[in-house]
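Listing of input26.txt, compact mmCIF, C-alpha atoms
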# COMPACT_ATOMS: atom_id res chain seq x y z
CA MET A 1 22.27 30.62 -24.48
CA THR A 2 21.96 26.98 -23.42
CA ALA A 3 20.13 26.50 -20.12
CA LEU A 4 20.03 23.55 -17.74
CA TYR A 5 16.75 21.93 -16.71
CA ILE A 6 15.74 18.94 -14.65
CA GLY A 7 12.81 16.81 -15.78
CA LEU A 8 10.94 14.50 -13.39
CA MET A 9 8.44 11.85 -14.36
CA SER A 10 6.47 9.30 -12.37
CA GLY A 11 4.07 7.64 -14.76
CA THR A 12 0.96 5.53 -14.60
CA SER A 13 3.08 2.38 -14.24
CA LEU A 14 3.67 3.57 -10.65
CA ASP A 15 7.11 1.97 -10.58
CA GLY A 16 9.03 5.05 -9.47
CA ILE A 17 10.62 8.31 -10.55
CA ASP A 18 12.86 8.99 -13.51
CA GLY A 19 14.83 12.22 -13.41
CA VAL A 20 17.12 13.74 -16.02
CA MET A 21 19.47 16.68 -16.25
CA ALA A 22 19.27 18.25 -19.68
CA ALA A 23 20.90 21.11 -21.51
CA VAL A 24 18.37 22.94 -23.70
CA THR A 25 19.14 25.52 -26.37
CA PRO A 26 16.86 28.54 -26.94
CA GLU A 27 15.50 26.70 -30.00
CA GLY A 28 14.58 23.68 -27.88
CA ALA A 29 17.35 21.29 -28.94
CA MET A 30 18.17 19.05 -26.01
CA CYS A 31 21.01 16.94 -24.68
CA VAL A 32 20.45 14.71 -21.65
CA THR A 33 23.57 14.59 -19.48
CA HIS A 34 22.49 12.60 -16.40
CA HIS A 35 19.71 10.20 -15.42
CA VAL A 36 18.54 8.94 -12.02
CA ALA A 37 15.93 6.22 -11.50
CA GLN A 38 14.41 5.94 -8.04
CA PRO A 39 11.84 3.20 -7.27
CA PHE A 40 8.86 4.18 -5.13
CA GLU A 41 8.86 3.06 -1.54
CA ALA A 42 6.15 0.44 -1.09
CA GLY A 43 3.99 2.65 1.14
CA LEU A 44 4.00 5.56 -1.29
CA ARG A 45 3.19 3.28 -4.20
CA ARG A 46 0.24 1.80 -2.31
CA ALA A 47 -1.02 5.26 -1.40
CA LEU A 48 -0.82 6.51 -4.98
CA LEU A 49 -2.44 3.38 -6.38
CA SER A 50 -5.32 3.60 -3.89
CA LEU A 51 -6.03 7.18 -4.97
CA ASN A 52 -6.84 6.05 -8.51
CA HIS A 53 -10.35 5.35 -7.22
CA SER A 54 -12.63 6.81 -4.60
CA GLY A 55 -11.98 5.89 -1.00
CA PRO A 56 -12.32 7.11 2.58
CA ASP A 57 -10.75 10.44 3.51
CA GLU A 58 -9.19 10.71 0.08
CA LEU A 59 -8.57 14.48 0.21
CA HIS A 60 -6.43 13.98 3.32
CA GLN A 61 -4.69 10.96 1.85
CA ALA A 62 -4.03 12.78 -1.42
CA ALA A 63 -2.47 15.77 0.32
CA LEU A 64 -0.11 13.57 2.32
CA ALA A 65 0.80 11.49 -0.74
CA ALA A 66 1.56 14.69 -2.65
CA ASN A 67 3.90 15.80 0.12
CA ALA A 68 5.66 12.43 0.12
CA LEU A 69 5.99 12.52 -3.66
CA ALA A 70 7.54 16.00 -3.56
CA ARG A 71 10.06 14.78 -1.00
CA ALA A 72 10.89 11.79 -3.21
CA TYR A 73 11.30 14.16 -6.16
CA ALA A 74 13.68 16.28 -4.06
CA VAL A 75 15.86 13.22 -3.40
CA VAL A 76 16.14 12.61 -7.15
CA VAL A 77 16.99 16.27 -7.76
CA ALA A 78 19.70 16.16 -5.10
CA GLN A 79 21.18 13.04 -6.69
CA LEU A 80 21.22 14.66 -10.14
CA LEU A 81 23.02 17.70 -8.72
CA SER A 82 25.51 15.48 -6.93
CA ASP A 83 26.16 13.32 -10.01
CA SER A 84 26.64 16.36 -12.25
CA GLY A 85 28.66 18.43 -9.81
CA LEU A 86 26.26 21.31 -10.27
CA LEU A 87 24.56 23.63 -7.80
CA ALA A 88 20.86 24.47 -7.52
CA ALA A 89 21.70 27.96 -8.77
CA ASP A 90 22.93 26.45 -12.06
CA ILE A 91 19.50 25.04 -12.92
CA THR A 92 16.90 27.22 -14.65
CA ALA A 93 13.93 25.13 -13.54
CA ILE A 94 12.58 21.70 -12.70
CA GLY A 95 9.74 20.28 -14.78
CA ALA A 96 7.72 18.07 -12.40
CA HIS A 97 4.68 16.41 -13.90
CA GLY A 98 3.32 14.90 -10.68
CA GLN A 99 1.44 11.63 -10.38
CA THR A 100 -1.75 11.29 -12.39
CA VAL A 101 -4.43 9.68 -10.22
CA ARG A 102 -7.57 10.77 -12.11
CA HIS A 103 -8.00 11.76 -15.73
CA GLN A 104 -11.53 12.59 -16.87
CA PRO A 105 -11.37 15.31 -19.53
CA LEU A 106 -14.45 16.82 -21.22
CA VAL A 107 -16.95 14.92 -19.08
CA HIS A 108 -19.31 15.72 -16.20
CA ASP A 109 -19.58 19.48 -16.85
CA GLY A 110 -18.08 19.66 -20.33
CA THR A 111 -14.62 20.61 -19.11
CA GLY A 112 -13.91 17.68 -16.83
CA TYR A 113 -10.70 17.48 -14.89
CA THR A 114 -7.30 15.88 -14.65
CA LEU A 115 -5.51 15.47 -11.34
CA GLN A 116 -1.75 15.12 -10.95
CA LEU A 117 -0.77 14.79 -7.30
CA ASN A 118 2.19 17.03 -6.53
CA ASN A 119 3.38 19.71 -4.13
CA PRO A 120 5.55 21.89 -6.37
CA ALA A 121 5.80 24.60 -3.68
CA LEU A 122 7.38 22.05 -1.32
CA LEU A 123 9.70 20.83 -4.07
CA ALA A 124 10.83 24.41 -4.75
CA GLU A 125 11.44 24.88 -1.02
CA LEU A 126 13.42 21.65 -0.69
CA SER A 127 15.45 22.02 -3.88
CA GLY A 128 16.03 25.75 -4.05
CA ILE A 129 15.10 25.66 -7.75
CA ASP A 130 12.12 27.12 -9.63
CA VAL A 131 9.55 24.41 -10.33
CA VAL A 132 7.18 24.18 -13.29
CA ALA A 133 4.17 21.90 -12.72
CA ASP A 134 0.47 21.49 -13.64
CA PHE A 135 1.08 20.99 -17.36
CA ARG A 136 -2.33 19.59 -18.32
CA SER A 137 -4.98 21.94 -16.93
CA ARG A 138 -4.41 24.85 -19.35
CA ASP A 139 -5.15 22.62 -22.31
CA LEU A 140 -8.30 21.32 -20.60
CA ALA A 141 -9.45 24.89 -20.04
CA ALA A 142 -9.11 25.43 -23.80
CA GLY A 143 -11.38 22.46 -24.53
CA GLY A 144 -8.66 19.86 -24.96
CA GLN A 145 -7.91 16.43 -23.53
CA GLY A 146 -4.83 17.68 -21.69
CA ALA A 147 -3.05 14.57 -22.95
CA PRO A 148 -0.90 13.24 -24.36
CA LEU A 149 1.63 16.05 -23.87
CA VAL A 150 4.69 14.41 -25.42
CA PRO A 151 3.99 14.48 -29.21
CA ALA A 152 5.38 18.02 -29.58
CA PHE A 153 8.56 16.88 -27.84
CA HIS A 154 8.67 13.70 -29.95
CA ARG A 155 8.53 15.87 -33.08
CA GLY A 156 11.57 17.83 -31.94
CA VAL A 157 13.60 14.79 -30.93
CA PHE A 158 12.56 12.05 -33.35
CA GLY A 159 10.96 13.90 -36.29
CA CYS A 160 12.47 13.38 -39.75
CA PRO A 161 12.28 15.92 -42.60
CA ASP A 162 11.62 13.38 -45.34
CA THR A 163 9.59 10.53 -43.86
CA THR A 164 6.79 9.81 -41.40
CA VAL A 165 7.96 8.58 -38.01
CA ALA A 166 5.76 6.87 -35.40
CA VAL A 167 6.71 6.99 -31.71
CA LEU A 168 5.04 4.68 -29.19
CA ASN A 169 5.37 5.36 -25.47
CA VAL A 170 4.42 2.34 -23.38
CA GLY A 171 4.07 3.36 -19.75
CA GLY A 172 1.08 2.36 -17.64
CA ILE A 173 -0.99 3.61 -20.58
CA SER A 174 0.30 3.57 -24.17
CA ASN A 175 0.28 6.59 -26.45
CA LEU A 176 1.24 6.99 -30.09
CA SER A 177 2.70 10.04 -31.85
CA VAL A 178 2.57 10.24 -35.65
CA LEU A 179 5.12 12.70 -37.03
CA PRO A 180 4.68 13.44 -40.75
CA PRO A 181 7.64 15.16 -42.48
CA ASN A 182 5.78 18.37 -43.25
CA GLY A 183 2.33 17.88 -41.85
CA GLN A 184 0.15 17.99 -38.78
CA VAL A 185 1.41 16.01 -35.81
CA LEU A 186 -1.09 13.53 -34.39
CA GLY A 187 -1.07 11.79 -31.05
CA TRP A 188 -3.44 9.97 -28.70
CA ASP A 189 -3.65 7.27 -26.07
CA CYS A 190 -3.95 3.81 -27.63
CA GLY A 191 -5.16 2.10 -24.48
CA PRO A 192 -3.42 0.05 -21.79
CA GLY A 193 0.34 -0.18 -21.70
CA ASN A 194 1.91 -1.91 -18.71
CA ALA A 195 -0.85 -1.19 -16.17
CA LEU A 196 -2.86 -4.39 -16.58
CA MET A 197 0.18 -6.60 -17.18
CA ASP A 198 1.90 -5.25 -14.06
CA HIS A 199 -1.23 -5.69 -11.97
CA TRP A 200 -1.66 -9.32 -13.01
CA CYS A 201 2.02 -10.09 -12.51
CA GLN A 202 2.05 -8.56 -9.02
CA LEU A 203 -1.12 -10.42 -8.09
CA HIS A 204 0.13 -13.86 -9.14
CA THR A 205 3.92 -13.75 -8.81
CA GLY A 206 4.55 -11.01 -6.27
CA GLN A 207 6.84 -9.29 -8.76
CA PRO A 208 6.09 -5.66 -9.74
CA TYR A 209 6.40 -6.41 -13.46
CA ASP A 210 7.04 -9.24 -15.92
CA ALA A 211 10.79 -8.93 -16.54
CA ASP A 212 11.50 -9.22 -20.28
CA GLY A 213 7.94 -10.50 -20.71
CA ALA A 214 9.29 -13.96 -19.84
CA TRP A 215 6.20 -15.00 -17.88
CA ALA A 216 3.91 -13.93 -20.72
CA ALA A 217 6.09 -15.82 -23.19
CA SER A 218 5.59 -19.00 -21.14
CA GLY A 219 1.80 -18.82 -21.55
CA GLU A 220 -0.65 -19.21 -24.41
CA VAL A 221 -2.85 -16.39 -25.66
CA GLN A 222 -6.54 -17.05 -25.02
CA ALA A 223 -8.07 -15.98 -28.32
CA ARG A 224 -11.61 -15.67 -27.00
CA LEU A 225 -10.52 -13.48 -24.09
CA LEU A 226 -8.31 -11.36 -26.33
CA ASN A 227 -11.25 -10.72 -28.64
CA ARG A 228 -13.37 -9.69 -25.64
CA LEU A 229 -10.70 -7.23 -24.46
CA LEU A 230 -10.32 -5.74 -27.93
CA GLN A 231 -14.03 -4.91 -28.05
CA GLU A 232 -13.52 -2.09 -25.51
CA ASP A 233 -15.23 1.02 -26.91
CA PHE A 234 -12.29 3.31 -26.16
CA LEU A 235 -10.12 1.45 -28.66
CA HIS A 236 -12.58 2.20 -31.44
CA THR A 237 -13.13 5.88 -30.61
CA PRO A 238 -11.32 8.17 -33.06
CA PRO A 239 -8.68 10.62 -31.77
CA PRO A 240 -8.31 12.98 -30.04
CA LYS A 241 -8.65 10.79 -26.99
CA SER A 242 -6.87 10.01 -23.75
CA THR A 243 -7.39 7.61 -20.89
CA GLY A 244 -5.87 6.25 -17.70
CA ARG A 245 -6.43 3.93 -14.78
CA ASP A 246 -9.91 5.47 -14.51
CA LEU A 247 -10.80 2.99 -17.26
CA PHE A 248 -8.10 0.33 -17.50
CA ASN A 249 -7.99 -0.89 -13.92
CA PRO A 250 -8.40 -4.20 -12.01
CA GLN A 251 -12.19 -3.85 -11.88
CA TRP A 252 -12.33 -3.44 -15.68
CA LEU A 253 -10.18 -6.53 -16.07
CA ASN A 254 -12.08 -8.66 -13.56
CA GLU A 255 -15.37 -7.97 -15.34
CA ARG A 256 -13.87 -9.29 -18.57
CA LEU A 257 -12.32 -12.34 -16.95
CA THR A 258 -15.77 -13.76 -16.14
CA GLY A 259 -15.85 -17.25 -17.60
CA PHE A 260 -12.06 -17.58 -17.63
CA GLU A 261 -11.60 -18.43 -13.96
CA GLY A 262 -9.93 -21.74 -14.85
CA ALA A 263 -7.31 -20.24 -17.14
CA ALA A 264 -3.69 -20.50 -16.08
CA PRO A 265 -2.35 -17.16 -14.79
CA GLN A 266 0.49 -17.18 -17.33
CA ASP A 267 -2.08 -17.57 -20.12
CA ILE A 268 -3.89 -14.45 -18.89
CA GLN A 269 -0.54 -12.63 -18.81
CA ALA A 270 0.17 -13.73 -22.37
CA THR A 271 -3.26 -12.46 -23.40
CA LEU A 272 -2.81 -9.10 -21.67
CA THR A 273 0.53 -8.65 -23.44
CA ALA A 274 -1.11 -9.48 -26.76
CA PHE A 275 -3.90 -7.01 -25.92
CA THR A 276 -1.46 -4.13 -25.46
CA ALA A 277 0.54 -5.09 -28.54
CA GLN A 278 -2.50 -5.45 -30.81
CA ALA A 279 -4.14 -2.22 -29.64
CA CYS A 280 -0.94 -0.31 -30.38
CA ALA A 281 -0.17 -2.07 -33.66
CA THR A 282 -3.72 -1.55 -34.93
CA ASP A 283 -3.48 2.19 -34.30
CA ALA A 284 -0.09 2.37 -36.02
CA LEU A 285 -1.40 0.50 -39.05
CA GLN A 286 -4.50 2.67 -39.27
CA HIS A 287 -2.92 6.08 -38.76
CA ALA A 288 0.71 5.69 -39.84
CA PRO A 289 0.81 2.92 -42.48
CA GLU A 290 3.61 4.73 -44.31
CA ALA A 291 5.93 4.84 -41.29
CA LYS A 292 9.03 2.73 -41.87
CA GLU A 293 9.94 2.76 -38.21
CA LEU A 294 8.13 2.59 -34.88
CA ILE A 295 10.29 4.04 -32.10
CA VAL A 296 9.28 2.58 -28.73
CA CYS A 297 10.02 4.25 -25.39
CA GLY A 298 8.86 3.86 -21.81
CA GLY A 299 9.16 0.72 -19.72
CA GLY A 300 7.40 -1.33 -22.37
CA ALA A 301 10.44 -0.99 -24.62
CA LEU A 302 12.29 -3.24 -22.13
CA ASN A 303 9.69 -6.01 -22.46
CA ARG A 304 11.10 -8.33 -25.12
CA GLU A 305 7.88 -10.28 -25.54
CA LEU A 306 5.88 -7.10 -26.06
CA MET A 307 8.45 -5.82 -28.57
CA ARG A 308 8.34 -9.18 -30.38
CA GLN A 309 4.56 -9.03 -30.63
CA LEU A 310 4.64 -5.42 -31.83
CA GLN A 311 7.05 -6.43 -34.57
CA ALA A 312 4.86 -9.40 -35.51
CA GLY A 313 1.87 -7.06 -35.80
CA LEU A 314 3.81 -4.58 -37.94
CA PRO A 315 5.75 -6.75 -40.40
CA GLN A 316 6.49 -3.84 -42.76
CA THR A 317 7.73 -1.54 -40.00
CA ALA A 318 10.99 -1.72 -38.04
CA VAL A 319 10.14 -1.72 -34.32
CA VAL A 320 13.10 -0.25 -32.43
CA SER A 321 13.90 1.07 -28.98
CA SER A 322 14.37 4.82 -28.62
CA GLU A 323 17.91 3.99 -27.50
CA ALA A 324 18.71 3.44 -31.19
CA HIS A 325 18.04 7.17 -31.60
CA GLY A 326 20.22 8.26 -28.71
CA LEU A 327 17.65 8.52 -25.92
CA PRO A 328 17.14 5.47 -23.67
CA PRO A 329 13.50 4.46 -23.15
CA LEU A 330 13.32 5.39 -19.46
CA GLN A 331 14.65 8.89 -20.11
CA VAL A 332 12.24 10.04 -22.79
CA GLU A 333 9.29 11.22 -20.68
CA ALA A 334 11.45 12.84 -18.03
CA ALA A 335 13.29 14.67 -20.82
CA ALA A 336 9.93 15.75 -22.22
CA PHE A 337 9.06 17.51 -18.96
CA ALA A 338 12.42 19.26 -18.87
CA TRP A 339 11.59 20.48 -22.39
CA LEU A 340 8.06 21.50 -21.38
CA ALA A 341 9.48 23.46 -18.45
CA HIS A 342 11.80 25.24 -20.89
CA LYS A 343 8.83 26.16 -23.08
CA CYS A 344 6.86 27.45 -20.08
CA ILE A 345 9.72 29.57 -18.74
CA ARG A 346 10.06 31.16 -22.20
CA ARG A 347 6.26 31.63 -22.43
CA GLU A 348 6.17 29.56 -25.60
CA THR A 349 3.22 27.36 -26.52
CA ALA A 350 3.80 23.65 -26.15
CA SER A 351 0.41 22.04 -26.76
CA LEU A 352 -0.77 20.80 -30.14
CA PRO A 353 -4.48 21.27 -30.90
CA SER A 354 -4.17 18.50 -33.51
CA VAL A 355 -3.34 16.14 -30.64
CA THR A 356 -5.57 17.28 -27.77
CA GLY A 357 -8.46 18.88 -29.66
CA ALA A 358 -8.06 22.19 -27.81
CA GLN A 359 -9.18 25.48 -29.35
CA GLY A 360 -5.57 26.51 -29.89
CA ALA A 361 -1.99 26.08 -28.74
CA ARG A 362 -1.38 27.21 -25.17
CA VAL A 363 1.53 27.87 -22.83
CA LEU A 364 1.49 24.90 -20.44
CA GLY A 365 2.52 24.86 -16.80
CA ALA A 366 2.51 26.97 -13.67
CA VAL A 367 5.73 28.34 -12.14
CA TYR A 368 6.57 28.02 -8.44
CA PRO A 369 9.59 30.26 -7.73
CA ARG A 370 12.31 28.95 -5.44

Kindly present the structure from the file in structure tokens form.
Amino acid sequence: MTALYIGLMSGTSLDGIDGVMAAVTPEGAMCVTHHVAQPFEAGLRRALLSLNHSGPDELHQAALAANALARAYAVVVAQLLSDSGLLAADITAIGAHGQTVRHQPLVHDGTGYTLQLNNPALLAELSGIDVVADFRSRDLAAGGQGAPLVPAFHRGVFGCPDTTVAVLNVGGISNLSVLPPNGQVLGWDCGPGNALMDHWCQLHTGQPYDADGAWAASGEVQARLLNRLLQEDFLHTPPPKSTGRDLFNPQWLNERLTGFEGAAPQDIQATLTAFTAQACATDALQHAPEAKELIVCGGGALNRELMRQLQAGLPQTAVVSSEAHGLPPLQVEAAAFAWLAHKCIRRETASLPSVTGAQGARVLGAVYPR
């Protein structure tokens, strides 16, 4: 019997919350019926961004930010219920990923950690709906990266029985899924997505992001700087691999801008856009050269200049928005967490060892009853 789930996603772009209402069949087929996008309040965004690195009293700050995030999630849930005319009792569960503020798998003690700020107990209390959260830690415990989580969902939604499909999610960080017709699904983080571009745009224009990539398009790519950025070791490490703002952050960028202090800000923006595009295109060419289509989702799919550069870097591949396949770019990850909640509630495995490197597939998520 078809069940209703809500999926909530606030990604590393730190622009806000996307929530979807989705009907999911027992086999995992999904139909999104409603979508709500809620920007972060400025104070919450600042708090979450500051917690991406060590700071004073961070345990206290993290706990309060988690509470605020859960309350913001509850507002999105209430709007979805209102828009759909449904009651809390009609929803099987909410899949709430939380806000990733640290991601350091397999380091320090061999297991490492990943931290998604959230208060799923508070969300369950406020919404009156079961909440599924903490999707990454089970995979880490099994020796995996805990990320990316979406390739299994991409296979179900975008996979094709007779050809290889590549799916690129460009949020704060970019990740690529390679979906062979009858083979092992692959997926990994390519490197930066919007995180560095958004930071530079905010710093120099006061705008949270470069709308349509227009500012980047007005500049000129600095070839020497681009080459320096592309030398980052992470880009040349073979999968499985994952990353976050732990690596690609303002400090990382500032270190590489040494010697380019006189460059026009729009030229740096153009170079950062080229950096994201080339890192992603290189991975697609190396690992999915047979793919006839690259399906792009996440906020990056709305950046025309980035999409243009991706197409230029993949002349034999059609670069298209996920909207062409019936799922708008800003709905894909939220839908993935509705699907992951469905898998958890049914006690079905949802991780792919071929993606994360874990010792086996695991049931992902922890349930907080209403």

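Taking only C-alpha atoms into account, the polymer residues that have an atom no farther than 7 Å from (10.5, 5.3, -41.1) are Thr163, Thr164, Val165, Ala291, Lys292 and Glu293 of chain A.
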
The selected residues should be written to file as a CSV table (one decimal), in the coordinates of the input (atoms: C-alpha atoms).
chain,number,residue,atom,x,y,z
A,163,THR,CA,9.6,10.5,-43.9
A,164,THR,CA,6.8,9.8,-41.4
A,165,VAL,CA,8.0,8.6,-38.0
A,291,ALA,CA,5.9,4.8,-41.3
A,292,LYS,CA,9.0,2.7,-41.9
A,293,GLU,CA,9.9,2.8,-38.2

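Taking CA of Gln251 in chain A and CA of Pro192 in chain A as endpoints, the distance between them is 13.8 Å.
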
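Using all atoms listed in the file, the nearest neighbour of Arg256 in chain A within the list A:His103, A:His236, A:Arg224, A:His53 is A:Arg224.
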
### Message
Can you tell me which residues surround Leu176 in chain A at a distance of at most 8 Å, considering all atoms listed in the file, apart from same-chain residues fewer than 3 positions away, and format the answer as a PyMOL selection string?
### Response
chain A and resi 166-169+187-190+280+283-284

### Message
Can you pull out the residues contacting Lys241 in chain A? Cut-off 8 Å, using all atoms listed in the file, and skip same-chain residues under 2 positions away; I want them as an MDAnalysis selection string.
### Response
chainID A and resid 145 147 188:189 237:239 243 356

### Message
I want to know what sits within 9 Å of His34 in chain A, based on all atoms listed in the file, with residues of the same chain fewer than 2 positions away left out; could you give that as an MDAnalysis selection string?
### Response
chainID A and resid 19:22 32 36 80 83:84

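Interatomic distance, CA of Leu115 in chain A to CA of Asn52 in chain A: 9.9 Å.
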
### Task
For Leu364 in chain A, list every protein, DNA or RNA residue within 8 Å, evaluated using only C-alpha atoms, and leave out those in the same chain fewer than 5 positions away; present the list as an MDAnalysis selection string.
chainID A and resid 134:139 340 343:344 349:351
